[in-house]
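Okay, target10.csv now, which holds CSV, C-alpha atoms:
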chain,number,residue,atom,x,y,z
A,1,MET,CA,-45.5,-26.0,-43.2
A,2,ARG,CA,-45.8,-25.8,-39.4
A,3,SER,CA,-44.0,-29.1,-39.0
A,4,LYS,CA,-41.2,-27.9,-41.2
A,5,ARG,CA,-40.8,-24.7,-39.1
A,6,GLY,CA,-41.0,-26.8,-35.9
A,7,ALA,CA,-38.2,-29.1,-37.3
A,8,LEU,CA,-36.0,-26.1,-38.2
A,9,PHE,CA,-36.6,-24.6,-34.7
A,10,LEU,CA,-35.5,-27.8,-33.1
A,11,VAL,CA,-32.5,-28.1,-35.3
A,12,SER,CA,-31.6,-24.5,-34.4
A,13,ILE,CA,-31.8,-25.2,-30.8
A,14,ALA,CA,-29.7,-28.4,-31.1
A,15,ALA,CA,-27.1,-26.5,-33.2
A,16,THR,CA,-27.0,-23.7,-30.7
A,17,GLY,CA,-26.6,-26.1,-27.9
A,18,LEU,CA,-23.8,-27.9,-29.7
A,19,VAL,CA,-22.0,-24.6,-30.4
A,20,LEU,CA,-22.2,-23.7,-26.7
A,21,ILE,CA,-20.9,-27.1,-25.6
A,22,LEU,CA,-18.0,-26.7,-28.0
A,23,VAL,CA,-17.3,-23.2,-26.9
A,24,GLU,CA,-17.5,-24.1,-23.2
A,25,GLY,CA,-15.2,-27.0,-23.8
A,26,LEU,CA,-12.7,-24.8,-25.6
A,27,ALA,CA,-13.0,-22.2,-22.9
A,28,SER,CA,-12.3,-24.9,-20.3
A,29,TRP,CA,-9.1,-25.8,-22.0
A,30,THR,CA,-8.2,-22.1,-22.4
A,31,TYR,CA,-9.0,-21.3,-18.8
A,32,SER,CA,-6.6,-24.1,-17.7
A,33,LEU,CA,-3.9,-21.8,-18.8
A,34,GLU,CA,-5.4,-19.1,-16.6
A,35,LYS,CA,-5.4,-21.4,-13.6
A,36,ALA,CA,-1.8,-22.3,-14.2
A,37,TRP,CA,-0.8,-18.7,-14.4
A,38,ALA,CA,-2.8,-17.8,-11.3
A,39,ALA,CA,-1.2,-20.7,-9.4
A,40,SER,CA,2.2,-19.1,-10.0
A,41,GLN,CA,1.2,-15.8,-8.5
A,42,PRO,CA,1.6,-15.0,-4.8
A,43,GLU,CA,-1.7,-14.4,-3.0
A,44,ARG,CA,-2.3,-11.3,-0.9
A,45,PRO,CA,-2.2,-12.5,2.8
A,46,GLU,CA,-3.6,-9.4,4.5
A,47,ARG,CA,-6.6,-11.3,5.8
A,48,ALA,CA,-4.2,-13.3,8.1
A,49,HIS,CA,-3.4,-10.2,10.2
A,50,SER,CA,-6.0,-7.4,9.5
A,51,GLN,CA,-9.4,-6.6,10.8
A,52,TYR,CA,-12.2,-4.1,10.3
A,53,ASP,CA,-11.9,-0.6,11.9
A,54,SER,CA,-14.8,1.8,12.0
A,55,GLU,CA,-12.5,4.9,11.8
A,56,LEU,CA,-9.8,3.7,9.4
A,57,GLY,CA,-11.4,1.0,7.4
A,58,TRP,CA,-9.0,-1.7,8.5
A,59,VAL,CA,-6.0,-2.1,10.8
A,60,ASN,CA,-3.6,-4.9,11.8
A,61,GLN,CA,-4.8,-7.2,14.5
A,62,PRO,CA,-2.9,-6.7,17.7
A,63,GLY,CA,-0.7,-9.5,19.0
A,64,VAL,CA,-0.5,-11.5,15.8
A,65,HIS,CA,2.3,-13.9,14.9
A,66,VAL,CA,2.1,-15.6,11.5
A,67,SER,CA,5.0,-17.9,10.9
A,68,ASP,CA,6.3,-18.1,7.3
A,69,LEU,CA,3.6,-15.6,6.0
A,70,TYR,CA,5.8,-14.5,3.1
A,71,GLY,CA,7.9,-17.7,2.8
A,72,PRO,CA,10.2,-19.8,4.9
A,73,GLY,CA,11.5,-17.8,7.8
A,74,LYS,CA,9.6,-14.7,6.8
A,75,ASP,CA,7.3,-14.2,9.7
A,76,PHE,CA,4.8,-11.4,10.4
A,77,THR,CA,4.4,-10.2,13.9
A,78,THR,CA,2.4,-7.3,15.5
A,79,ASN,CA,2.5,-6.0,19.1
A,80,ALA,CA,-0.4,-5.0,21.3
A,81,ARG,CA,-0.8,-1.7,19.4
A,82,GLY,CA,-1.1,-3.5,16.1
A,83,PHE,CA,2.3,-2.2,14.8
A,84,ARG,CA,4.6,-4.6,13.0
A,85,ALA,CA,7.0,-5.3,15.9
A,86,GLN,CA,8.3,-8.2,17.9
A,87,GLY,CA,8.1,-6.2,21.2
A,88,GLU,CA,6.1,-3.6,23.0
A,89,TYR,CA,6.7,0.2,23.3
A,90,ALA,CA,6.3,2.5,26.2
A,91,GLU,CA,4.9,6.0,25.6
A,92,THR,CA,8.5,7.4,25.7
A,93,ALA,CA,11.7,6.0,24.3
A,94,PRO,CA,14.2,4.3,26.6
A,95,PRO,CA,17.0,6.5,28.0
A,96,GLY,CA,19.7,7.1,25.5
A,97,PHE,CA,17.5,6.3,22.5
A,98,ARG,CA,16.0,8.5,19.8
A,99,ARG,CA,12.6,7.3,18.7
A,100,VAL,CA,11.8,7.4,15.0
A,101,VAL,CA,8.2,6.6,13.9
A,102,PHE,CA,8.0,5.3,10.3
A,103,LEU,CA,4.5,6.0,8.8
A,104,GLY,CA,3.4,4.6,5.4
A,105,ASP,CA,1.8,1.9,3.4
A,106,SER,CA,2.7,-1.8,2.7
A,107,PHE,CA,6.2,-0.7,1.5
A,108,THR,CA,6.9,0.6,5.0
A,109,MET,CA,5.1,-2.3,6.6
A,110,GLY,CA,7.4,-4.7,4.7
A,111,TYR,CA,5.0,-6.7,2.5
A,112,GLY,CA,6.8,-9.8,1.3
A,113,VAL,CA,9.7,-9.7,3.8
A,114,GLY,CA,10.3,-11.0,7.3
A,115,ASP,CA,10.0,-8.9,10.5
A,116,ASP,CA,13.7,-8.2,10.6
A,117,GLU,CA,14.0,-7.3,6.9
A,118,THR,CA,11.8,-4.2,6.8
A,119,PHE,CA,13.6,-1.0,6.2
A,120,PRO,CA,12.6,0.4,9.7
A,121,SER,CA,14.2,-2.7,11.2
A,122,VAL,CA,17.3,-2.3,9.2
A,123,VAL,CA,17.6,1.4,10.2
A,124,GLU,CA,17.5,0.3,13.8
A,125,ARG,CA,20.3,-2.2,13.3
A,126,LEU,CA,22.4,0.3,11.3
A,127,GLU,CA,22.1,2.9,14.1
A,128,PRO,CA,21.7,1.2,17.5
A,129,SER,CA,20.8,4.5,19.2
A,130,ILE,CA,17.5,4.6,17.2
A,131,GLN,CA,14.3,2.9,18.3
A,132,ALA,CA,12.4,2.4,15.1
A,133,ILE,CA,8.6,2.1,15.2
A,134,ASN,CA,6.9,0.6,12.1
A,135,MET,CA,3.5,2.2,11.5
A,136,GLY,CA,3.2,0.8,7.9
A,137,MET,CA,-0.2,-0.5,6.9
A,138,GLY,CA,-1.1,-2.4,3.8
A,139,ALA,CA,-3.1,-0.5,1.1
A,140,TYR,CA,-3.3,2.7,3.1
A,141,GLY,CA,-3.3,6.1,1.4
A,142,VAL,CA,-2.0,9.3,2.7
A,143,GLY,CA,-5.3,10.1,4.5
A,144,GLN,CA,-5.5,6.9,6.3
A,145,ASP,CA,-1.9,7.1,7.4
A,146,TYR,CA,-2.6,10.6,8.8
A,147,LEU,CA,-5.7,9.5,10.7
A,148,TRP,CA,-4.0,6.4,12.1
A,149,TYR,CA,-1.0,8.5,13.3
A,150,GLN,CA,-3.3,11.1,15.0
A,151,ARG,CA,-5.1,8.3,16.8
A,152,ASP,CA,-2.4,5.8,17.7
A,153,GLY,CA,0.9,7.3,16.8
A,154,ARG,CA,1.2,10.7,18.5
A,155,VAL,CA,0.9,9.1,22.0
A,156,LEU,CA,4.3,7.5,21.4
A,157,HIS,CA,6.2,10.8,21.7
A,158,GLY,CA,8.6,10.1,18.8
A,159,ASP,CA,11.6,12.3,18.2
A,160,LEU,CA,11.1,12.1,14.4
A,161,LEU,CA,8.3,11.2,12.1
A,162,VAL,CA,9.4,9.7,8.8
A,163,PHE,CA,6.4,9.7,6.4
A,164,ALA,CA,7.3,7.4,3.6
A,165,LEU,CA,5.1,7.3,0.5
A,166,ILE,CA,4.8,5.9,-2.9
A,167,SER,CA,3.1,8.0,-5.6
A,168,HIS,CA,-0.1,5.9,-5.6
A,169,ASP,CA,-0.7,6.7,-2.0
A,170,PHE,CA,-1.9,10.1,-3.1
A,171,VAL,CA,-4.4,8.7,-5.5
A,172,ARG,CA,-5.7,6.3,-2.9
A,173,MET,CA,-6.7,9.2,-0.6
A,174,THR,CA,-9.2,10.4,-3.2
A,175,LEU,CA,-11.1,7.1,-3.2
A,176,SER,CA,-13.8,6.0,-0.8
A,177,TYR,CA,-13.1,2.4,-1.6
A,178,TYR,CA,-9.7,0.8,-2.0
A,179,MET,CA,-9.4,-2.9,-1.2
A,180,ALA,CA,-12.3,-2.2,1.2
A,181,PRO,CA,-14.4,0.8,2.3
A,182,LYS,CA,-12.3,3.6,3.8
A,183,PRO,CA,-12.7,7.2,5.1
A,184,ILE,CA,-11.9,10.1,2.8
A,185,LEU,CA,-10.4,13.5,3.7
A,186,ALA,CA,-11.3,16.8,2.2
A,187,ALA,CA,-9.7,20.3,2.8
A,188,THR,CA,-11.5,23.6,3.0
A,189,GLU,CA,-9.3,26.7,3.4
A,190,GLY,CA,-6.5,24.4,4.7
A,191,LYS,CA,-8.7,22.7,7.3
A,192,LEU,CA,-9.2,19.0,7.1
A,193,GLN,CA,-12.6,17.2,7.3
A,194,VAL,CA,-13.1,13.5,7.5
A,195,HIS,CA,-16.0,11.9,5.6
A,196,GLY,CA,-17.4,8.4,5.5
A,197,VAL,CA,-17.0,7.7,9.2
A,198,PRO,CA,-18.0,5.3,10.7
A,199,VAL,CA,-16.7,3.3,7.8
A,200,PRO,CA,-19.2,0.6,6.5
A,201,ARG,CA,-17.9,-2.9,6.8
A,202,THR,CA,-18.6,-3.7,3.2
A,203,ASP,CA,-19.8,-1.4,0.4
A,204,GLY,CA,-23.2,-2.4,-1.0
A,205,TRP,CA,-22.2,-1.8,-4.6
A,206,GLU,CA,-19.0,-3.8,-4.1
A,207,ARG,CA,-21.0,-6.7,-2.7
A,208,ALA,CA,-23.3,-6.6,-5.8
A,209,ALA,CA,-20.3,-6.4,-8.2
A,210,LYS,CA,-18.6,-9.2,-6.4
A,211,PHE,CA,-21.7,-11.4,-6.6
A,212,ALA,CA,-22.0,-10.6,-10.4
A,213,ARG,CA,-18.4,-11.5,-10.9
A,214,GLN,CA,-18.7,-14.8,-9.1
A,215,LEU,CA,-21.8,-15.6,-11.0
A,216,GLY,CA,-20.3,-14.8,-14.4
A,217,TRP,CA,-17.0,-16.5,-13.7
A,218,ARG,CA,-18.6,-19.8,-12.9
A,219,LEU,CA,-18.8,-20.2,-16.7
A,220,ASP,CA,-15.5,-21.2,-18.2
A,221,VAL,CA,-16.4,-19.1,-21.3
A,222,MET,CA,-16.4,-16.0,-19.1
A,223,LYS,CA,-13.1,-17.0,-17.5
A,224,ALA,CA,-11.5,-17.5,-21.0
A,225,LEU,CA,-12.8,-14.1,-22.1
A,226,ARG,CA,-11.1,-12.5,-19.1
A,227,LEU,CA,-7.9,-14.2,-20.0
A,228,LEU,CA,-8.1,-13.1,-23.7
A,229,LEU,CA,-8.9,-9.5,-22.7
A,230,ARG,CA,-6.1,-9.2,-20.2
A,231,PRO,CA,-3.6,-7.8,-22.7
A,232,LEU,CA,-6.1,-5.1,-23.6
A,233,THR,CA,-7.0,-4.1,-20.0
A,234,ALA,CA,-3.6,-4.6,-18.3
A,235,GLY,CA,-2.8,-1.6,-16.2
A,236,VAL,CA,-6.1,0.2,-16.8
A,237,ALA,CA,-7.4,-0.3,-13.2
A,238,ALA,CA,-3.9,0.5,-11.8
A,239,ARG,CA,-3.7,3.9,-13.5
A,240,PRO,CA,-6.4,6.2,-12.0
A,241,ASP,CA,-6.1,9.9,-12.5
A,242,SER,CA,-2.8,10.9,-10.8
A,243,ARG,CA,-2.8,14.6,-11.5
A,244,PRO,CA,-1.6,16.4,-8.3
A,245,LYS,CA,-4.4,19.0,-8.6
A,246,LYS,CA,-6.9,16.4,-7.6
A,247,PHE,CA,-5.2,15.7,-4.2
A,248,GLU,CA,-2.8,18.6,-3.6
A,249,PRO,CA,-5.1,20.6,-1.3
A,250,VAL,CA,-5.6,17.6,1.0
A,251,ALA,CA,-1.9,16.6,0.9
A,252,ARG,CA,-0.9,20.1,1.6
A,253,ALA,CA,-3.2,20.4,4.6
A,254,ILE,CA,-2.0,17.0,6.0
A,255,PHE,CA,1.7,17.9,5.7
A,256,ALA,CA,1.1,21.4,7.1
A,257,THR,CA,-0.7,20.0,10.1
A,258,LEU,CA,2.0,17.4,10.8
A,259,ALA,CA,4.6,20.1,10.5
A,260,GLU,CA,2.8,22.4,12.9
A,261,GLN,CA,2.4,19.6,15.4
A,262,ALA,CA,6.1,18.8,15.1
A,263,ARG,CA,7.1,22.4,15.8
A,264,ALA,CA,4.8,22.6,18.8
A,265,ARG,CA,6.3,19.5,20.3
A,266,GLY,CA,9.9,20.2,19.4
A,267,THR,CA,10.1,17.1,17.2
A,268,GLY,CA,11.1,16.5,13.6
A,269,LEU,CA,9.3,15.6,10.3
A,270,LEU,CA,10.8,14.0,7.2
A,271,LEU,CA,8.9,13.2,4.0
A,272,VAL,CA,10.2,10.4,1.9
A,273,HIS,CA,9.2,9.3,-1.6
A,274,LEU,CA,9.7,5.6,-2.3
A,275,PRO,CA,10.1,4.7,-6.0
A,276,SER,CA,8.0,1.9,-7.4
A,277,ARG,CA,9.2,-0.4,-10.1
A,278,SER,CA,6.6,0.9,-12.5
A,279,GLU,CA,7.9,4.4,-12.1
A,280,LEU,CA,11.5,3.3,-12.9
A,281,LEU,CA,10.2,1.6,-16.0
A,282,GLY,CA,8.2,4.7,-17.0
A,283,ASP,CA,4.8,2.9,-16.8
A,284,GLU,CA,3.5,5.2,-14.1
A,285,PRO,CA,4.0,8.9,-13.3
A,286,ASP,CA,6.7,9.7,-10.7
A,287,LEU,CA,5.3,12.2,-8.1
A,288,GLY,CA,8.6,12.4,-6.3
A,289,PRO,CA,9.6,15.8,-7.7
A,290,TRP,CA,6.1,17.2,-7.0
A,291,MET,CA,6.3,15.9,-3.5
A,292,GLN,CA,9.7,17.5,-2.9
A,293,GLN,CA,8.5,20.8,-4.2
A,294,LEU,CA,5.4,20.7,-1.9
A,295,GLY,CA,7.7,19.8,1.0
A,296,HIS,CA,10.0,22.7,0.1
A,297,THR,CA,7.0,25.1,0.0
A,298,LEU,CA,5.9,24.0,3.5
A,299,GLY,CA,9.4,24.0,4.9
A,300,ILE,CA,9.5,20.2,5.4
A,301,PRO,CA,12.6,18.2,4.3
A,302,CYS,CA,11.8,15.7,1.7
A,303,VAL,CA,14.0,12.9,0.4
A,304,ALA,CA,13.3,11.2,-3.0
A,305,LEU,CA,15.0,7.8,-3.2
A,306,ARG,CA,14.7,7.3,-7.0
A,307,PRO,CA,18.3,8.2,-7.8
A,308,PHE,CA,19.6,5.4,-5.4
A,309,PHE,CA,17.4,2.9,-7.2
A,310,GLU,CA,18.2,4.1,-10.7
A,311,ALA,CA,21.9,3.7,-9.9
A,312,ARG,CA,21.3,0.0,-9.1
A,313,TRP,CA,19.1,-0.3,-12.1
A,314,LYS,CA,21.8,1.0,-14.4
A,315,SER,CA,24.3,-1.4,-12.9
A,316,GLY,CA,22.0,-4.3,-13.8
A,317,ALA,CA,21.0,-5.1,-10.2
A,318,GLY,CA,17.7,-3.2,-10.2
A,319,GLU,CA,15.4,-6.2,-10.5
A,320,ARG,CA,16.8,-7.7,-7.3
A,321,LEU,CA,15.4,-4.7,-5.4
A,322,TYR,CA,11.8,-5.8,-6.1
A,323,LEU,CA,9.8,-9.0,-5.4
A,324,PRO,CA,7.4,-10.5,-8.0
A,325,ASN,CA,4.5,-8.7,-6.2
A,326,ARG,CA,6.3,-5.4,-6.9
A,327,HIS,CA,7.2,-4.6,-3.3
A,328,TYR,CA,10.7,-4.2,-2.1
A,329,SER,CA,12.8,-7.4,-1.6
A,330,ALA,CA,15.1,-7.7,1.5
A,331,GLU,CA,17.8,-6.1,-0.7
A,332,GLY,CA,15.5,-3.3,-1.7
A,333,ASN,CA,14.5,-2.6,2.0
A,334,ARG,CA,18.2,-2.5,2.9
A,335,LEU,CA,18.9,0.1,0.1
A,336,VAL,CA,16.0,2.3,1.5
A,337,ALA,CA,17.5,2.1,5.0
A,338,GLU,CA,21.0,2.9,3.9
A,339,ALA,CA,19.9,5.8,1.7
A,340,LEU,CA,17.6,7.2,4.4
A,341,LEU,CA,19.9,6.9,7.4
A,342,PRO,CA,22.0,10.1,6.7
A,343,ALA,CA,18.8,12.2,6.3
A,344,ILE,CA,17.4,10.7,9.6
A,345,GLN,CA,20.6,11.4,11.5
A,346,ALA,CA,20.7,14.9,10.2
A,347,ALA,CA,17.1,15.5,11.2
A,348,LEU,CA,17.8,14.1,14.7
A,349,ALA,CA,20.9,16.2,15.1
A,350,ARG,CA,18.8,19.4,14.6
A,351,LEU,CA,16.6,18.5,17.5
A,352,PRO,CA,17.2,19.2,21.2
A,353,ARG,CA,18.6,16.2,22.9
A,354,ARG,CA,16.2,16.4,25.9
A,355,ARG,CA,12.6,17.6,25.7
A,356,MET,CA,9.3,17.3,27.5
A,357,PRO,CA,6.7,14.9,25.9

For the file at hand, write its structure as structure tokens.
Amino acid sequence: MRSKRGALFLVSIAATGLVLILVEGLASWTYSLEKAWAASQPERPERAHSQYDSELGWVNQPGVHVSDLYGPGKDFTTNARGFRAQGEYAETAPPGFRRVVFLGDSFTMGYGVGDDETFPSVVERLEPSIQAINMGMGAYGVGQDYLWYQRDGRVLHGDLLVFALISHDFVRMTLSYYMAPKPILAATEGKLQVHGVPVPRTDGWERAAKFARQLGWRLDVMKALRLLLRPLTAGVAARPDSRPKKFEPVARAIFATLAEQARARGTGLLLVHLPSRSELLGDEPDLGPWMQQLGHTLGIPCVALRPFFEARWKSGAGERLYLPNRHYSAEGNRLVAEALLPAIQAALARLPRRRMP
């Protein structure tokens, strides 16, 4: 009887092992499709030009030049301040120029396009009297933008601050981890407080999760499971809670502070909402109208660019405005510059021509 049970036990083990071998083999074949799909996707190249920052989480490395970062002829260059620029800036604009500081995330930075194809660069070419400063930073939320500008942007004495945002930038500022650990802002009675500083280099829970993912993904069966589950989980991580009530108090305090600083210095402030492809397709909420209403309440001009993009979309040329990575193409950046320029010129015209820093 014992020998019979022992034999059955051995047979069970052998059968289980055979099933695992077959599943692992099938998974290996299935995962080859995943590898082929991944090979066709562009990688995120931020590590080529970014570094840790204890106050902001991460910033661009100063004095970087990466040839062909986004493709042939699409170079990425930063100056000594870490701004995307091919030259240096004095604290004040050259005589005869109006200085416009563009603040924002990777859309402003120009993820996917060359140095001279970003919309700040195009604005500068369209209006030669403007000196455009690109303070776009990949994966930044509204809070990080604000903190970076307070630390490194105000010293430049710009005539006009153009704060360009996508809807997801507001969601990011509610998170203590986005791409990497980051500071988080809170508002009490309209006063801003910064939490999580100094920013840790790497979050402990994220390190543990990364280790678990790497351990699990070494098995092809886990890789295949991920591939099979993608249709069920697509978009879940990209759709956090985007209700304005979660972030409106902080956004209101940030915009109000910037407006107060602009009035005190005799400079201008312009808010801009940049439409994402997902918003145009109806896959994500469009916070442009909410942002315009908030700007109106605070007395800050706000331009929503969705109508300009929708017009191209209806004409059948909308897809050309976006890259496969969902950022703006060179054509999309040019559309932003052309749509923004009249609002920028109007804002500058309302300012005194000469002022003290």

For the contact check between segment 41-155 of chain A and segment 190-200 of chain A, emit one row per residue of segment 41-155 of chain A within 8 Å, containing the shortest atom pair and the distance in Å rounded to one decimal, counting all atoms listed in the file, chain then rising number order, as JSON lines.
{"residue": "A:Asp53", "atom": "CA", "partner": "A:Val199", "partner_atom": "CA", "distance": 7.4}
{"residue": "A:Ser54", "atom": "CA", "partner": "A:Val199", "partner_atom": "CA", "distance": 4.8}
{"residue": "A:Glu55", "atom": "CA", "partner": "A:Pro198", "partner_atom": "CA", "distance": 5.6}
{"residue": "A:Leu56", "atom": "CA", "partner": "A:Val199", "partner_atom": "CA", "distance": 7.1}
{"residue": "A:Gly57", "atom": "CA", "partner": "A:Val199", "partner_atom": "CA", "distance": 5.8}

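One finds atom CA of Gly318 of chain A at 13.1 Å from atom CA of Arg334 of chain A.
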
Checklist entry - Mind pulling up the distance from atom CA of Ala259 of chain A to atom CA of Leu175 of chain A? => result 24.6 Å

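Closest approach to His327 of chain A among A:Leu341, A:Ala347, A:Val123, A:Met109: A:Met109, based on only C-alpha atoms.
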
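Of the listed residues A:Pro244, A:Pro324, A:Pro352, A:Pro128, the one whose atoms come nearest to Leu287 of chain A is A:Pro244, with distances taken using only C-alpha atoms.
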
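You will find atom CA of Phe309 of chain A at 29.2 Å from atom CA of Thr267 of chain A.
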
Using all atoms listed in the file, which residues sit within 12 Å of Met179 of chain A once same-chain residues fewer than 2 positions away are excluded, as a PDB file with C-alpha atoms, in the coordinates of the input?
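The file below, around-v3.pdb, is the result:
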ATOM      1  CA  ARG A  44      -2.300 -11.300  -0.900  1.00  0.00           C
ATOM      2  CA  GLU A  46      -3.600  -9.400   4.500  1.00  0.00           C
ATOM      3  CA  ARG A  47      -6.600 -11.300   5.800  1.00  0.00           C
ATOM      4  CA  TYR A  52     -12.200  -4.100  10.300  1.00  0.00           C
ATOM      5  CA  GLY A  57     -11.400   1.000   7.400  1.00  0.00           C
ATOM      6  CA  TRP A  58      -9.000  -1.700   8.500  1.00  0.00           C
ATOM      7  CA  GLY A 138      -1.100  -2.400   3.800  1.00  0.00           C
ATOM      8  CA  ALA A 139      -3.100  -0.500   1.100  1.00  0.00           C
ATOM      9  CA  TYR A 140      -3.300   2.700   3.100  1.00  0.00           C
ATOM     10  CA  GLY A 141      -3.300   6.100   1.400  1.00  0.00           C
ATOM     11  CA  ARG A 172      -5.700   6.300  -2.900  1.00  0.00           C
ATOM     12  CA  LEU A 175     -11.100   7.100  -3.200  1.00  0.00           C
ATOM     13  CA  SER A 176     -13.800   6.000  -0.800  1.00  0.00           C
ATOM     14  CA  TYR A 177     -13.100   2.400  -1.600  1.00  0.00           C
ATOM     15  CA  PRO A 181     -14.400   0.800   2.300  1.00  0.00           C
ATOM     16  CA  LYS A 182     -12.300   3.600   3.800  1.00  0.00           C
ATOM     17  CA  ARG A 201     -17.900  -2.900   6.800  1.00  0.00           C
ATOM     18  CA  THR A 202     -18.600  -3.700   3.200  1.00  0.00           C
ATOM     19  CA  ASP A 203     -19.800  -1.400   0.400  1.00  0.00           C
ATOM     20  CA  GLU A 206     -19.000  -3.800  -4.100  1.00  0.00           C
TER      21      GLU A 206
END

Please fill the gaps in segment 45-57 of chain A so it has N, CA and C atoms, and write that as a short mmCIF file (atom, residue, chain, number, x, y, z; two decimals), in the coordinates of the input.
data_model
loop_
_atom_site.label_atom_id
_atom_site.label_comp_id
_atom_site.auth_asym_id
_atom_site.auth_seq_id
_atom_site.Cartn_x
_atom_site.Cartn_y
_atom_site.Cartn_z
N PRO A 45 -1.87 -11.88 1.49
CA PRO A 45 -2.20 -12.50 2.80
C PRO A 45 -2.68 -11.57 3.85
N GLU A 46 -3.18 -10.36 3.49
CA GLU A 46 -3.60 -9.40 4.50
C GLU A 46 -4.61 -9.96 5.49
N ARG A 47 -5.51 -10.81 4.98
CA ARG A 47 -6.60 -11.30 5.80
C ARG A 47 -6.04 -12.09 7.03
N ALA A 48 -4.79 -12.53 6.95
CA ALA A 48 -4.20 -13.30 8.10
C ALA A 48 -3.89 -12.40 9.25
N HIS A 49 -3.83 -11.05 9.03
CA HIS A 49 -3.40 -10.20 10.20
C HIS A 49 -4.18 -8.88 10.23
N SER A 50 -5.23 -8.69 9.42
CA SER A 50 -6.00 -7.40 9.50
C SER A 50 -7.38 -7.62 9.94
N GLN A 51 -8.01 -6.52 10.35
CA GLN A 51 -9.40 -6.60 10.80
C GLN A 51 -10.07 -5.24 10.54
N TYR A 52 -11.40 -5.26 10.60
CA TYR A 52 -12.20 -4.10 10.30
C TYR A 52 -11.98 -3.02 11.42
N ASP A 53 -11.98 -1.74 11.01
CA ASP A 53 -11.90 -0.60 11.90
C ASP A 53 -12.85 0.45 11.48
N SER A 54 -13.73 0.89 12.37
CA SER A 54 -14.80 1.80 12.00
C SER A 54 -14.27 3.21 11.65
N GLU A 55 -13.08 3.57 12.10
CA GLU A 55 -12.50 4.90 11.80
C GLU A 55 -11.55 4.91 10.65
N LEU A 56 -10.88 3.79 10.42
CA LEU A 56 -9.80 3.70 9.40
C LEU A 56 -10.13 2.81 8.24
N GLY A 57 -11.10 1.95 8.38
CA GLY A 57 -11.40 1.00 7.40
C GLY A 57 -10.87 -0.40 7.75
#
